[in-house]
file my_file.txt (compact mmCIF, C-alpha atoms and all ligand atoms)
# COMPACT_ATOMS: atom_id res chain seq x y z
CA MET S 1 -62.71 1.73 -16.19
CA ASN S 2 -60.63 0.27 -18.98
CA ARG S 3 -63.60 -0.40 -21.23
CA GLN S 4 -61.97 0.53 -24.44
CA LYS S 5 -59.54 -1.42 -26.48
CA MET S 6 -56.12 0.11 -27.03
CA LYS S 7 -56.47 2.89 -29.52
CA HIS S 8 -53.78 4.61 -31.46
CA TYR S 9 -53.98 8.33 -31.27
CA GLU S 10 -51.23 9.89 -33.30
CA ILE S 11 -49.84 13.34 -33.87
CA ASP S 12 -47.40 13.74 -36.75
CA GLY S 13 -46.83 9.98 -36.83
CA LYS S 14 -46.06 9.62 -33.11
CA PRO S 15 -48.33 8.24 -30.38
CA ASP S 16 -50.12 11.03 -28.48
CA ILE S 17 -48.89 10.16 -24.99
CA LEU S 18 -51.52 12.25 -23.15
CA SER S 19 -54.33 10.26 -24.75
CA LEU S 20 -53.00 6.96 -23.38
CA THR S 21 -54.47 5.28 -20.31
CA LEU S 22 -52.08 4.03 -17.62
CA PRO S 23 -52.31 0.35 -18.72
CA GLU S 24 -51.56 1.40 -22.29
CA LEU S 25 -48.61 3.50 -21.19
CA GLU S 26 -47.32 0.55 -19.16
CA GLU S 27 -47.48 -1.60 -22.26
CA GLN S 28 -45.62 1.00 -24.34
CA ILE S 29 -42.94 1.59 -21.72
CA THR S 30 -42.36 -2.15 -21.32
CA LEU S 31 -42.04 -2.46 -25.09
CA MET S 32 -39.28 0.15 -24.89
CA GLY S 33 -37.39 -2.22 -22.57
CA GLU S 34 -38.04 -0.13 -19.47
CA LYS S 35 -39.39 -1.27 -16.10
CA LYS S 36 -43.18 -1.12 -15.83
CA PHE S 37 -43.17 1.18 -12.76
CA ARG S 38 -41.66 3.93 -14.90
CA ALA S 39 -45.03 4.25 -16.65
CA ARG S 40 -46.71 5.24 -13.38
CA GLN S 41 -44.05 7.90 -12.81
CA VAL S 42 -44.55 9.29 -16.30
CA TYR S 43 -48.33 9.20 -15.91
CA GLU S 44 -48.04 11.17 -12.68
CA TRP S 45 -45.86 13.82 -14.33
CA LEU S 46 -48.38 14.11 -17.15
CA HIS S 47 -51.66 14.02 -15.26
CA VAL S 48 -50.98 15.07 -11.66
CA LYS S 49 -48.08 17.49 -11.98
CA GLN S 50 -49.26 18.30 -15.51
CA VAL S 51 -45.84 19.17 -16.92
CA THR S 52 -45.50 20.47 -20.46
CA GLY S 53 -42.21 18.83 -21.41
CA PHE S 54 -40.37 15.53 -20.89
CA ASP S 55 -37.42 17.61 -19.57
CA GLU S 56 -39.40 18.40 -16.45
CA MET S 57 -39.68 14.72 -15.44
CA THR S 58 -36.76 15.00 -13.08
CA ASN S 59 -36.95 11.60 -11.41
CA LEU S 60 -36.23 9.95 -14.78
CA SER S 61 -32.77 9.68 -16.28
CA ALA S 62 -31.86 12.11 -19.05
CA GLN S 63 -31.52 9.09 -21.31
CA LEU S 64 -35.08 7.92 -20.67
CA ARG S 65 -36.43 11.44 -21.08
CA ASN S 66 -34.75 11.63 -24.49
CA LYS S 67 -36.12 8.25 -25.47
CA LEU S 68 -39.62 9.33 -24.49
CA ALA S 69 -39.32 12.56 -26.46
CA GLU S 70 -38.20 10.61 -29.50
CA ARG S 71 -40.96 8.05 -29.31
CA PHE S 72 -44.00 10.11 -28.21
CA CYS S 73 -45.63 13.42 -28.91
CA LEU S 74 -46.51 15.45 -25.82
CA ASN S 75 -49.42 17.52 -27.05
CA SER S 76 -49.99 21.10 -25.89
CA LEU S 77 -52.37 24.01 -26.36
CA PHE S 78 -51.17 27.51 -27.06
CA ILE S 79 -53.12 30.40 -25.53
CA VAL S 80 -53.73 32.83 -28.38
CA LYS S 81 -56.06 35.07 -26.46
CA LYS S 82 -57.47 35.32 -22.96
CA LEU S 83 -60.44 37.52 -22.13
CA ALA S 84 -61.67 38.40 -18.65
CA SER S 85 -65.25 39.52 -18.14
CA ASN S 86 -65.84 42.89 -16.50
CA THR S 87 -69.16 41.82 -15.08
CA ASP S 88 -68.31 38.49 -13.45
CA ASN S 89 -65.23 36.35 -12.95
CA THR S 90 -65.56 34.53 -16.26
CA LEU S 91 -62.45 33.88 -18.36
CA LYS S 92 -62.45 32.83 -21.98
CA TYR S 93 -59.45 31.18 -23.59
CA LEU S 94 -58.82 30.88 -27.29
CA TYR S 95 -56.39 28.04 -27.89
CA ARG S 96 -54.38 27.11 -30.94
CA LEU S 97 -54.03 23.37 -31.54
CA TYR S 98 -50.93 21.63 -32.88
CA ASP S 99 -52.29 21.75 -36.44
CA GLY S 100 -53.20 25.45 -36.40
CA ASN S 101 -56.92 25.00 -35.67
CA HIS S 102 -58.57 26.96 -32.86
CA ILE S 103 -61.02 26.20 -30.06
CA GLU S 104 -62.38 28.02 -27.02
CA SER S 105 -62.94 27.16 -23.32
CA VAL S 106 -64.64 29.16 -20.60
CA VAL S 107 -63.85 29.29 -16.87
CA MET S 108 -66.89 30.17 -14.74
CA GLU S 109 -67.27 30.90 -11.03
CA TYR S 110 -70.20 29.52 -9.08
CA ASN S 111 -70.91 29.38 -5.36
CA HIS S 112 -70.05 25.71 -5.40
CA GLY S 113 -66.68 26.20 -7.13
CA THR S 114 -65.02 26.78 -10.48
CA SER S 115 -66.48 25.16 -13.55
CA LEU S 116 -64.90 24.77 -16.97
CA CYS S 117 -66.82 24.65 -20.24
CA VAL S 118 -64.81 22.61 -22.76
CA SER S 119 -65.01 22.15 -26.53
CA THR S 120 -65.13 18.65 -28.01
CA GLN S 121 -64.75 19.35 -31.74
CA VAL S 122 -63.22 21.98 -34.02
CA GLY S 123 -66.48 23.49 -35.25
CA CYS S 124 -69.75 21.58 -35.38
CA LYS S 125 -71.87 19.79 -38.01
CA MET S 126 -75.18 20.00 -36.20
CA GLY S 127 -76.36 23.29 -37.75
CA CYS S 128 -78.59 24.62 -34.93
CA ASN S 129 -79.49 28.00 -36.33
CA PHE S 130 -79.21 30.03 -33.11
CA CYS S 131 -75.67 28.84 -32.33
CA ALA S 132 -72.42 30.54 -33.37
CA SER S 133 -70.33 27.37 -33.03
CA THR S 134 -71.81 25.81 -36.13
CA ILE S 135 -71.55 28.78 -38.49
CA ALA S 136 -68.03 28.14 -39.80
CA GLY S 137 -68.77 24.42 -40.21
CA PHE S 138 -66.94 21.36 -38.94
CA LYS S 139 -63.20 20.73 -39.19
CA ARG S 140 -62.32 17.72 -37.03
CA ASN S 141 -62.83 15.86 -33.77
CA LEU S 142 -60.67 16.79 -30.80
CA LEU S 143 -58.28 14.16 -29.50
CA PRO S 144 -58.79 13.02 -25.90
CA SER S 145 -55.58 14.89 -25.02
CA GLU S 146 -56.99 18.10 -26.48
CA ILE S 147 -60.12 17.93 -24.34
CA LEU S 148 -58.00 17.13 -21.29
CA LEU S 149 -55.47 19.89 -21.96
CA GLN S 150 -58.23 22.49 -21.90
CA VAL S 151 -58.67 21.56 -18.23
CA TYR S 152 -54.96 21.41 -17.38
CA GLU S 153 -54.14 24.64 -19.21
CA ALA S 154 -57.06 26.64 -17.77
CA GLN S 155 -56.08 25.48 -14.30
CA ARG S 156 -52.43 26.32 -14.79
CA ASP S 157 -53.03 29.73 -16.30
CA SER S 158 -55.88 30.90 -14.06
CA GLY S 159 -54.48 29.44 -10.85
CA ARG S 160 -58.03 28.28 -10.06
CA LYS S 161 -58.89 24.70 -9.22
CA ILE S 162 -61.46 23.31 -11.63
CA SER S 163 -64.03 21.34 -9.65
CA SER S 164 -66.60 20.65 -12.34
CA ILE S 165 -66.66 20.39 -16.10
CA VAL S 166 -69.41 20.90 -18.65
CA LEU S 167 -69.09 19.60 -22.21
CA MET S 168 -70.92 22.62 -23.56
CA GLY S 169 -68.29 24.37 -25.64
CA ILE S 170 -67.82 24.08 -29.38
CA GLY S 171 -68.94 20.80 -30.93
CA GLU S 172 -71.35 17.94 -30.30
CA PRO S 173 -69.79 15.57 -27.72
CA LEU S 174 -71.86 12.57 -28.82
CA ASP S 175 -70.57 13.07 -32.37
CA ASN S 176 -67.06 12.46 -30.97
CA PHE S 177 -68.17 9.63 -28.71
CA ASP S 178 -65.04 7.46 -28.35
CA ASN S 179 -62.69 10.37 -27.67
CA VAL S 180 -65.08 11.87 -25.14
CA ILE S 181 -65.40 8.55 -23.31
CA ARG S 182 -61.63 8.27 -23.23
CA PHE S 183 -61.42 11.82 -21.86
CA PHE S 184 -63.79 10.70 -19.06
CA GLU S 185 -61.52 7.75 -18.38
CA LEU S 186 -58.42 9.94 -18.17
CA ILE S 187 -59.86 12.79 -16.10
CA SER S 188 -61.40 10.41 -13.55
CA SER S 189 -58.35 8.18 -13.26
CA PRO S 190 -57.28 7.77 -9.60
CA ASP S 191 -53.69 7.98 -10.90
CA GLY S 192 -54.41 11.28 -12.62
CA MET S 193 -56.62 14.27 -11.81
CA ASN S 194 -59.14 11.93 -10.18
CA LEU S 195 -62.19 14.09 -10.87
CA SER S 196 -65.44 12.30 -10.12
CA LEU S 197 -67.59 11.86 -13.22
CA ARG S 198 -70.51 13.06 -11.12
CA HIS S 199 -68.99 16.52 -11.50
CA ILE S 200 -69.23 16.36 -15.27
CA SER S 201 -72.20 17.29 -17.48
CA LEU S 202 -72.43 16.27 -21.09
CA SER S 203 -74.72 18.31 -23.28
CA THR S 204 -76.19 17.03 -26.52
CA CYS S 205 -78.52 18.37 -29.19
CA GLY S 206 -80.03 14.86 -29.29
CA VAL S 207 -77.93 12.17 -30.99
CA VAL S 208 -80.35 9.49 -29.82
CA PRO S 209 -78.43 6.21 -30.49
CA LYS S 210 -75.44 7.58 -28.61
CA ILE S 211 -77.62 8.50 -25.61
CA TYR S 212 -78.51 4.78 -25.33
CA GLU S 213 -74.84 3.86 -25.67
CA LEU S 214 -73.82 6.34 -22.98
CA ALA S 215 -76.56 5.08 -20.66
CA LYS S 216 -75.23 1.54 -20.93
CA LEU S 217 -71.80 2.67 -19.71
CA ARG S 218 -73.38 3.98 -16.46
CA LEU S 219 -70.64 6.52 -15.90
CA GLY S 220 -72.55 8.83 -13.57
CA VAL S 221 -72.21 11.90 -15.78
CA THR S 222 -75.17 14.26 -15.90
CA LEU S 223 -76.91 14.30 -19.24
CA SER S 224 -78.05 17.70 -20.47
CA ILE S 225 -80.37 17.90 -23.43
CA SER S 226 -80.55 20.99 -25.60
CA LEU S 227 -84.31 20.92 -26.09
CA HIS S 228 -85.28 24.52 -26.93
CA ALA S 229 -88.68 23.64 -28.37
CA THR S 230 -91.87 21.83 -27.43
CA SER S 231 -93.07 20.44 -30.77
CA ASN S 232 -91.45 18.71 -33.72
CA GLU S 233 -92.44 21.53 -36.01
CA GLN S 234 -90.80 24.14 -33.81
CA ARG S 235 -87.71 22.06 -33.10
CA SER S 236 -87.07 21.02 -36.70
CA ALA S 237 -87.21 24.66 -37.75
CA THR S 238 -84.15 25.50 -35.64
CA MET S 239 -82.37 22.18 -35.00
CA PRO S 240 -81.75 19.90 -38.04
CA ILE S 241 -80.98 16.91 -35.78
CA ASN S 242 -84.70 16.80 -34.99
CA ASN S 243 -85.39 15.61 -38.55
CA LYS S 244 -83.28 12.57 -37.84
CA TYR S 245 -84.37 11.81 -34.27
CA ASP S 246 -87.59 13.50 -33.33
CA ILE S 247 -88.58 14.95 -30.01
CA ASN S 248 -90.53 11.85 -28.89
CA GLU S 249 -87.62 9.51 -29.66
CA LEU S 250 -85.36 11.93 -27.78
CA ILE S 251 -87.53 11.91 -24.65
CA LYS S 252 -87.76 8.11 -24.82
CA ALA S 253 -83.95 7.92 -24.84
CA CYS S 254 -83.84 10.29 -21.84
CA LYS S 255 -86.20 7.98 -19.94
CA ASP S 256 -83.88 5.09 -20.70
CA TYR S 257 -80.88 7.13 -19.49
CA PHE S 258 -82.64 7.80 -16.21
CA LYS S 259 -83.67 4.17 -15.86
CA GLU S 260 -80.13 2.94 -16.47
CA THR S 261 -78.23 5.51 -14.42
CA GLY S 262 -80.65 7.00 -11.88
CA ARG S 263 -79.32 10.40 -12.90
CA ARG S 264 -81.82 13.22 -13.25
CA ILE S 265 -81.83 14.72 -16.75
CA SER S 266 -81.22 18.40 -17.25
CA PHE S 267 -82.99 20.17 -20.14
CA GLU S 268 -81.61 23.34 -21.62
CA TYR S 269 -84.18 25.67 -23.07
CA ALA S 270 -83.12 28.92 -24.73
CA VAL S 271 -86.12 31.20 -24.39
CA ILE S 272 -86.76 33.14 -27.60
CA GLU S 273 -89.30 35.87 -27.19
CA GLY S 274 -92.47 35.23 -29.15
CA VAL S 275 -91.16 31.92 -30.50
CA ASN S 276 -91.12 29.32 -27.73
CA ASP S 277 -92.26 31.12 -24.57
CA SER S 278 -96.06 30.83 -24.65
CA LYS S 279 -98.43 29.24 -22.17
CA ASP S 280 -99.10 26.53 -24.77
CA ASP S 281 -95.37 25.80 -24.89
CA ALA S 282 -95.42 25.34 -21.13
CA LEU S 283 -98.37 22.95 -21.38
CA ARG S 284 -96.71 20.94 -24.16
CA LEU S 285 -93.50 20.77 -22.16
CA LYS S 286 -95.38 19.47 -19.15
CA LYS S 287 -96.92 16.70 -21.28
CA LEU S 288 -93.66 15.87 -23.00
CA LEU S 289 -91.69 15.54 -19.78
CA SER S 290 -94.32 13.76 -17.72
CA GLY S 291 -92.96 10.80 -15.82
CA LEU S 292 -89.35 11.92 -16.24
CA MET S 293 -87.15 13.02 -13.33
CA CYS S 294 -85.70 16.21 -14.71
CA HIS S 295 -84.80 19.80 -14.29
CA ILE S 296 -85.28 22.61 -16.81
CA ASN S 297 -82.60 25.22 -17.25
CA LEU S 298 -83.97 28.33 -18.94
CA ILE S 299 -81.44 30.44 -20.81
CA PRO S 300 -82.51 33.80 -22.21
CA VAL S 301 -81.30 33.31 -25.80
CA ASN S 302 -77.90 34.92 -26.26
CA LYS S 303 -77.22 37.32 -29.08
CA ILE S 304 -75.04 36.25 -31.94
CA ASP S 305 -74.26 38.66 -34.77
CA GLU S 306 -75.64 36.53 -37.58
CA ARG S 307 -79.17 36.13 -36.15
CA ASP S 308 -81.71 38.45 -34.70
CA TYR S 309 -83.30 36.31 -32.01
CA THR S 310 -84.21 38.29 -28.95
CA SER S 311 -84.85 37.47 -25.36
CA SER S 312 -85.89 39.46 -22.37
CA LYS S 313 -85.70 38.89 -18.70
CA LYS S 314 -89.44 39.48 -18.53
CA SER S 315 -90.39 36.80 -21.05
CA THR S 316 -87.95 34.31 -19.48
CA LEU S 317 -89.36 34.93 -16.00
CA SER S 318 -92.95 34.70 -17.14
CA PHE S 319 -92.20 31.43 -18.96
CA GLN S 320 -90.55 30.15 -15.80
CA LYS S 321 -93.71 31.01 -13.88
CA TYR S 322 -95.90 29.11 -16.37
CA LEU S 323 -93.68 26.07 -15.83
CA THR S 324 -93.44 26.22 -12.07
CA ASP S 325 -97.21 26.78 -11.82
CA LEU S 326 -97.55 23.47 -13.68
CA GLY S 327 -95.30 21.81 -11.11
CA LEU S 328 -92.20 21.65 -13.29
CA ASN S 329 -88.75 22.20 -11.88
CA ALA S 330 -87.37 25.21 -13.81
CA THR S 331 -84.63 27.69 -13.02
CA VAL S 332 -83.15 30.55 -15.00
CA ARG S 333 -79.49 30.07 -15.76
CA ARG S 334 -77.26 32.98 -14.87
CA THR S 335 -75.71 34.32 -18.05
CA LEU S 336 -71.96 34.51 -17.53
CA GLY S 337 -69.38 36.19 -19.71
CA ALA S 338 -71.80 37.69 -22.25
CA ASP S 339 -69.57 40.79 -22.54
CA ILE S 340 -66.73 38.63 -23.85
CA ASN S 341 -68.90 36.40 -26.09
CA ALA S 342 -68.39 33.52 -23.69
CA ALA S 343 -72.04 32.71 -23.04
CA CYS S 344 -73.98 29.68 -24.36
CA GLY S 345 -73.91 29.48 -28.11
CA GLN S 346 -71.39 32.29 -28.54
CA LEU S 347 -68.20 30.24 -28.91
CA ARG S 348 -66.61 29.82 -32.31
CA ARG S 349 -63.53 28.38 -33.90
CA GLU S 350 -62.87 31.41 -36.08
CA TYR S 351 -61.54 34.58 -34.59
CA GLU S 352 -60.13 37.98 -35.24
CA ILE S 353 -57.26 39.25 -33.15
N1 LIG B 1 -73.67 20.39 -29.11
C1 LIG B 1 -74.00 20.25 -27.72
C2 LIG B 1 -73.04 20.99 -26.82
C3 LIG B 1 -73.09 22.50 -26.95
S1 LIG B 1 -73.70 23.11 -25.46
C4 LIG B 1 -75.43 20.67 -27.50
O1 LIG B 1 -76.07 21.13 -28.43
O2 LIG B 1 -75.93 20.50 -26.40
C5 LIG B 1 -74.09 24.74 -25.84
C6 LIG B 1 -75.48 25.06 -25.35
O3 LIG B 1 -75.79 26.42 -25.70
C7 LIG B 1 -76.53 24.20 -26.02
O4 LIG B 1 -77.55 23.93 -25.13
C8 LIG B 1 -76.99 25.12 -27.11
O5 LIG B 1 -78.24 24.74 -27.61
C9 LIG B 1 -77.02 26.43 -26.38
N2 LIG B 1 -77.05 27.59 -27.26
C10 LIG B 1 -76.61 27.68 -28.52
N3 LIG B 1 -76.82 28.92 -29.01
C11 LIG B 1 -77.41 29.61 -28.02
C12 LIG B 1 -77.85 30.95 -27.92
N4 LIG B 1 -77.72 31.81 -28.94
N5 LIG B 1 -78.41 31.33 -26.75
C13 LIG B 1 -78.53 30.47 -25.71
N6 LIG B 1 -78.11 29.20 -25.75
C14 LIG B 1 -77.58 28.77 -26.90

call {"tool": "encode", "arguments": {"input": "my_file.txt", "output": "structure tokens"}}
result
Amino acid sequence: MNRQKMKHYEIDGKPDILSLTLPELEEQITLMGEKKFRARQVYEWLHVKQVTGFDEMTNLSAQLRNKLAERFCLNSLFIVKKLASNTDNTLKYLYRLYDGNHIESVVMEYNHGTSLCVSTQVGCKMGCNFCASTIAGFKRNLLPSEILLQVYEAQRDSGRKISSIVLMGIGEPLDNFDNVIRFFELISSPDGMNLSLRHISLSTCGVVPKIYELAKLRLGVTLSISLHATSNEQRSATMPINNKYDINELIKACKDYFKETGRRISFEYAVIEGVNDSKDDALRLKKLLSGLMCHINLIPVNKIDERDYTSSKKSTLSFQKYLTDLGLNATVRRTLGADINAACGQLRREYEI
């Protein structure tokens, strides 16, 4: 895709080699006085064989491996903790980053394959009041290499092949736009993991200008919108972003995304008993989404310690019935990994061992 200008991602003053695209790596390697084809070899070691050290690049001379190690930083994630669910095959990883910060990723099994939920930031600024990821505040954006390594590391450690990715972990992906786009470029590279962007979903709480920007790139990723409410009053009470870009602006941006990409929008809706699950909510939702090709994913709101929102299977199913009776396309999302705090909205950057 090569849409972005060369960017300098650095770790401790050295270029972060895993965040470089192949053309950028070729430029760097040539600048080092090496033959251009060496860059492709290095790229393959990094992104196909997914090695963790320059030493492992055995078709390169020891001298070149040393030069690479001197010039570049090969980023890595350290697994601090790994939890396996007793109720399903979900795995949750807590990773330490090179600067001591922490993030989480979740491996989930579906009939269609293994999916990975990745984080895009250390913490989150968005302040949605039902979500654990925002409670400890925001620290920093993840580098492209750090989003990518969550995939490589989960695959290596679990021995499972990741066939789809959701950007639904800690952080707001559209608040780290450039690094997320670069991650897309790297993960879909035919010289790397070569994962089709059609197998990736990006979830946003509604950063409207960035939805338009993403639409223009026509990448084929599925856009998921964390909607969770049917009126501005209701949405602003739980999601501060709604004060900046209201629900009508958000839906307008979704229509543009569909027009530009032809991709059906997916709406996430955490059902909170007695708060957003009435017949009137269903009617408002119908009106709001009219004329938009979309799908509604209902999630019984997950428990987090700091809040006392409740959900029940009964209220979620009856809300689903209201919606389907109105002709809307709504399914209930299977809750995975709730026993290890790996479900939607339960990930956090702070932890206790
Ligand atoms: N910041 C992005 C990516 C996070 S995705 C976004 O907001 O979309 C995580 C999803 O889990 C979002 O849809 C979020 O709204 C939802 N979520 C957060 N807390 C939740 C909870 N307690 N129960 C169910 N879903 C929750």

call {"tool": "closest_atom_pairs", "arguments": {"input": "my_file.txt", "of": "chain S", "to": "ligand LIG 1 (chain B)", "cutoff": "8 Å", "atoms": "all atoms listed in the file", "output": "tab-separated table"}}
result
residue	atom	partner	partner_atom	distance
S:Cys124	CA	B:LIG1	N1	7.5
S:Met126	CA	B:LIG1	N1	7.3
S:Cys128	CA	B:LIG1	O5	7.3
S:Asn129	CA	B:LIG1	N3	7.8
S:Phe130	CA	B:LIG1	N4	4.8
S:Cys131	CA	B:LIG1	N3	3.5
S:Ala132	CA	B:LIG1	N3	6.4
S:Ser133	CA	B:LIG1	C10	7.7
S:Leu167	CA	B:LIG1	C2	6.2
S:Met168	CA	B:LIG1	S1	3.4
S:Gly169	CA	B:LIG1	C3	5.3
S:Ile170	CA	B:LIG1	C3	6.0
S:Gly171	CA	B:LIG1	N1	5.1
S:Glu172	CA	B:LIG1	N1	3.6
S:Pro173	CA	B:LIG1	C1	6.3
S:Leu202	CA	B:LIG1	C2	7.4
S:Ser203	CA	B:LIG1	O2	4.0
S:Thr204	CA	B:LIG1	O2	3.5
S:Cys205	CA	B:LIG1	O1	3.8
S:Gly206	CA	B:LIG1	O1	7.5
S:Ser224	CA	B:LIG1	O2	6.9
S:Ile225	CA	B:LIG1	O2	5.9
S:Ser226	CA	B:LIG1	O4	4.2
S:Leu227	CA	B:LIG1	O5	7.3
S:His228	CA	B:LIG1	O5	7.1
S:Glu268	CA	B:LIG1	O4	5.4
S:Tyr269	CA	B:LIG1	O4	7.2
S:Ala270	CA	B:LIG1	C13	4.9
S:Val271	CA	B:LIG1	C13	7.7
S:Ile299	CA	B:LIG1	C13	5.7
S:Pro300	CA	B:LIG1	C13	6.3
S:Val301	CA	B:LIG1	N5	3.6
S:Asn302	CA	B:LIG1	N5	3.7
S:Lys303	CA	B:LIG1	N4	5.5
S:Ile304	CA	B:LIG1	N4	6.0
S:Tyr309	CA	B:LIG1	N4	7.8
S:Ala343	CA	B:LIG1	C13	7.4
S:Cys344	CA	B:LIG1	O3	4.0
S:Gly345	CA	B:LIG1	N3	3.1
S:Gln346	CA	B:LIG1	N4	6.4

call {"tool": "residues_around", "arguments": {"input": "my_file.txt", "residues": "Leu142 of chain S", "least_positions_apart": "3", "cutoff": "12 Å", "atoms": "all atoms listed in the file", "output": "ChimeraX atom specification"}}
result
/S:9-11,19,75,77,97-99,101-104,118-124,138-139,145-150,169-173,175-180,182-183

call {"tool": "write_last_selection", "arguments": {"input": "my_file.txt", "atoms": "C-alpha atoms", "output": "PDB file, keeping the file's coordinate frame"}}
result
ATOM      1  CA  TYR S   9     -53.980   8.330 -31.270  1.00  0.00           C
ATOM      2  CA  GLU S  10     -51.230   9.890 -33.300  1.00  0.00           C
ATOM      3  CA  ILE S  11     -49.840  13.340 -33.870  1.00  0.00           C
ATOM      4  CA  SER S  19     -54.330  10.260 -24.750  1.00  0.00           C
ATOM      5  CA  ASN S  75     -49.420  17.520 -27.050  1.00  0.00           C
ATOM      6  CA  LEU S  77     -52.370  24.010 -26.360  1.00  0.00           C
ATOM      7  CA  LEU S  97     -54.030  23.370 -31.540  1.00  0.00           C
ATOM      8  CA  TYR S  98     -50.930  21.630 -32.880  1.00  0.00           C
ATOM      9  CA  ASP S  99     -52.290  21.750 -36.440  1.00  0.00           C
ATOM     10  CA  ASN S 101     -56.920  25.000 -35.670  1.00  0.00           C
ATOM     11  CA  HIS S 102     -58.570  26.960 -32.860  1.00  0.00           C
ATOM     12  CA  ILE S 103     -61.020  26.200 -30.060  1.00  0.00           C
ATOM     13  CA  GLU S 104     -62.380  28.020 -27.020  1.00  0.00           C
ATOM     14  CA  VAL S 118     -64.810  22.610 -22.760  1.00  0.00           C
ATOM     15  CA  SER S 119     -65.010  22.150 -26.530  1.00  0.00           C
ATOM     16  CA  THR S 120     -65.130  18.650 -28.010  1.00  0.00           C
ATOM     17  CA  GLN S 121     -64.750  19.350 -31.740  1.00  0.00           C
ATOM     18  CA  VAL S 122     -63.220  21.980 -34.020  1.00  0.00           C
ATOM     19  CA  GLY S 123     -66.480  23.490 -35.250  1.00  0.00           C
ATOM     20  CA  CYS S 124     -69.750  21.580 -35.380  1.00  0.00           C
ATOM     21  CA  PHE S 138     -66.940  21.360 -38.940  1.00  0.00           C
ATOM     22  CA  LYS S 139     -63.200  20.730 -39.190  1.00  0.00           C
ATOM     23  CA  SER S 145     -55.580  14.890 -25.020  1.00  0.00           C
ATOM     24  CA  GLU S 146     -56.990  18.100 -26.480  1.00  0.00           C
ATOM     25  CA  ILE S 147     -60.120  17.930 -24.340  1.00  0.00           C
ATOM     26  CA  LEU S 148     -58.000  17.130 -21.290  1.00  0.00           C
ATOM     27  CA  LEU S 149     -55.470  19.890 -21.960  1.00  0.00           C
ATOM     28  CA  GLN S 150     -58.230  22.490 -21.900  1.00  0.00           C
ATOM     29  CA  GLY S 169     -68.290  24.370 -25.640  1.00  0.00           C
ATOM     30  CA  ILE S 170     -67.820  24.080 -29.380  1.00  0.00           C
ATOM     31  CA  GLY S 171     -68.940  20.800 -30.930  1.00  0.00           C
ATOM     32  CA  GLU S 172     -71.350  17.940 -30.300  1.00  0.00           C
ATOM     33  CA  PRO S 173     -69.790  15.570 -27.720  1.00  0.00           C
ATOM     34  CA  ASP S 175     -70.570  13.070 -32.370  1.00  0.00           C
ATOM     35  CA  ASN S 176     -67.060  12.460 -30.970  1.00  0.00           C
ATOM     36  CA  PHE S 177     -68.170   9.630 -28.710  1.00  0.00           C
ATOM     37  CA  ASP S 178     -65.040   7.460 -28.350  1.00  0.00           C
ATOM     38  CA  ASN S 179     -62.690  10.370 -27.670  1.00  0.00           C
ATOM     39  CA  VAL S 180     -65.080  11.870 -25.140  1.00  0.00           C
ATOM     40  CA  ARG S 182     -61.630   8.270 -23.230  1.00  0.00           C
ATOM     41  CA  PHE S 183     -61.420  11.820 -21.860  1.00  0.00           C
TER      42      PHE S 183
END

call {"tool": "residues_near_point", "arguments": {"input": "my_file.txt", "point": "(-88.4, 14.2, -30.9)", "cutoff": "10 Å", "atoms": "all atoms listed in the file", "output": "number ranges by chain"}}
result
S: 206, 208, 227, 229-233, 235-236, 241-253, 288

call {"tool": "atom_distance", "arguments": {"input": "my_file.txt", "atom1": "atom CA of Glu260 of chain S", "atom2": "atom CA of Leu223 of chain S"}}
result
12.1 Å

call {"tool": "residues_around", "arguments": {"input": "my_file.txt", "residues": "Met32 of chain S", "least_positions_apart": "2", "cutoff": "12 Å", "atoms": "only C-alpha atoms", "output": "list in words"}}
result
Leu25, Glu26, Glu27, Gln28, Ile29, Thr30, Glu34, Lys35, Lys36, Arg38, Ala39, Leu64, Lys67, Leu68, Glu70, Arg71 and Phe72 of chain S

call {"tool": "closest_residue", "arguments": {"input": "my_file.txt", "among": "S:Leu31, S:Ile135, S:Ala282, S:Leu323", "to": "Asp305 of chain S", "atoms": "all atoms listed in the file"}}
result
S:Ile135

call {"tool": "closest_residue", "arguments": {"input": "my_file.txt", "among": "S:Phe37, S:Tyr110, S:Tyr43, S:Tyr152", "to": "Ser76 of chain S", "atoms": "only C-alpha atoms"}}
result
S:Tyr152

call {"tool": "atom_distance", "arguments": {"input": "my_file.txt", "atom1": "atom CA of Val166 of chain S", "atom2": "atom CA of Phe319 of chain S"}}
result
25.1 Å

call {"tool": "closest_residue", "arguments": {"input": "my_file.txt", "among": "S:Ser189, S:Asn341, S:Ser164, S:Asn89", "to": "Ser115 of chain S", "atoms": "only C-alpha atoms"}}
result
S:Ser164

call {"tool": "atom_distance", "arguments": {"input": "my_file.txt", "atom1": "atom CA of Leu214 of chain S", "atom2": "atom CA of Thr114 of chain S"}}
result
25.5 Å

call {"tool": "closest_residue", "arguments": {"input": "my_file.txt", "among": "S:Lys125, S:Arg334, S:Lys313, S:Arg307", "to": "Gly137 of chain S", "atoms": "all atoms listed in the file"}}
result
S:Lys125

call {"tool": "closest_residue", "arguments": {"input": "my_file.txt", "among": "S:Leu174, S:Leu116, S:Leu197, S:Leu326", "to": "Arg218 of chain S", "atoms": "all atoms listed in the file"}}
result
S:Leu197

call {"tool": "residues_around", "arguments": {"input": "my_file.txt", "residues": "Thr261 of chain S", "least_positions_apart": "6", "cutoff": "12 Å", "atoms": "only C-alpha atoms", "output": "list in words"}}
result
Arg198, Ile211, Tyr212, Glu213, Leu214, Ala215, Lys216, Leu217, Arg218, Leu219, Gly220, Val221, Thr222, Leu223, Cys254, Lys255 and Met293 of chain S

call {"tool": "closest_residue", "arguments": {"input": "my_file.txt", "among": "S:Ala237, S:Val48, S:Ile79, S:Leu298", "to": "Val275 of chain S", "atoms": "only C-alpha atoms"}}
result
S:Ala237
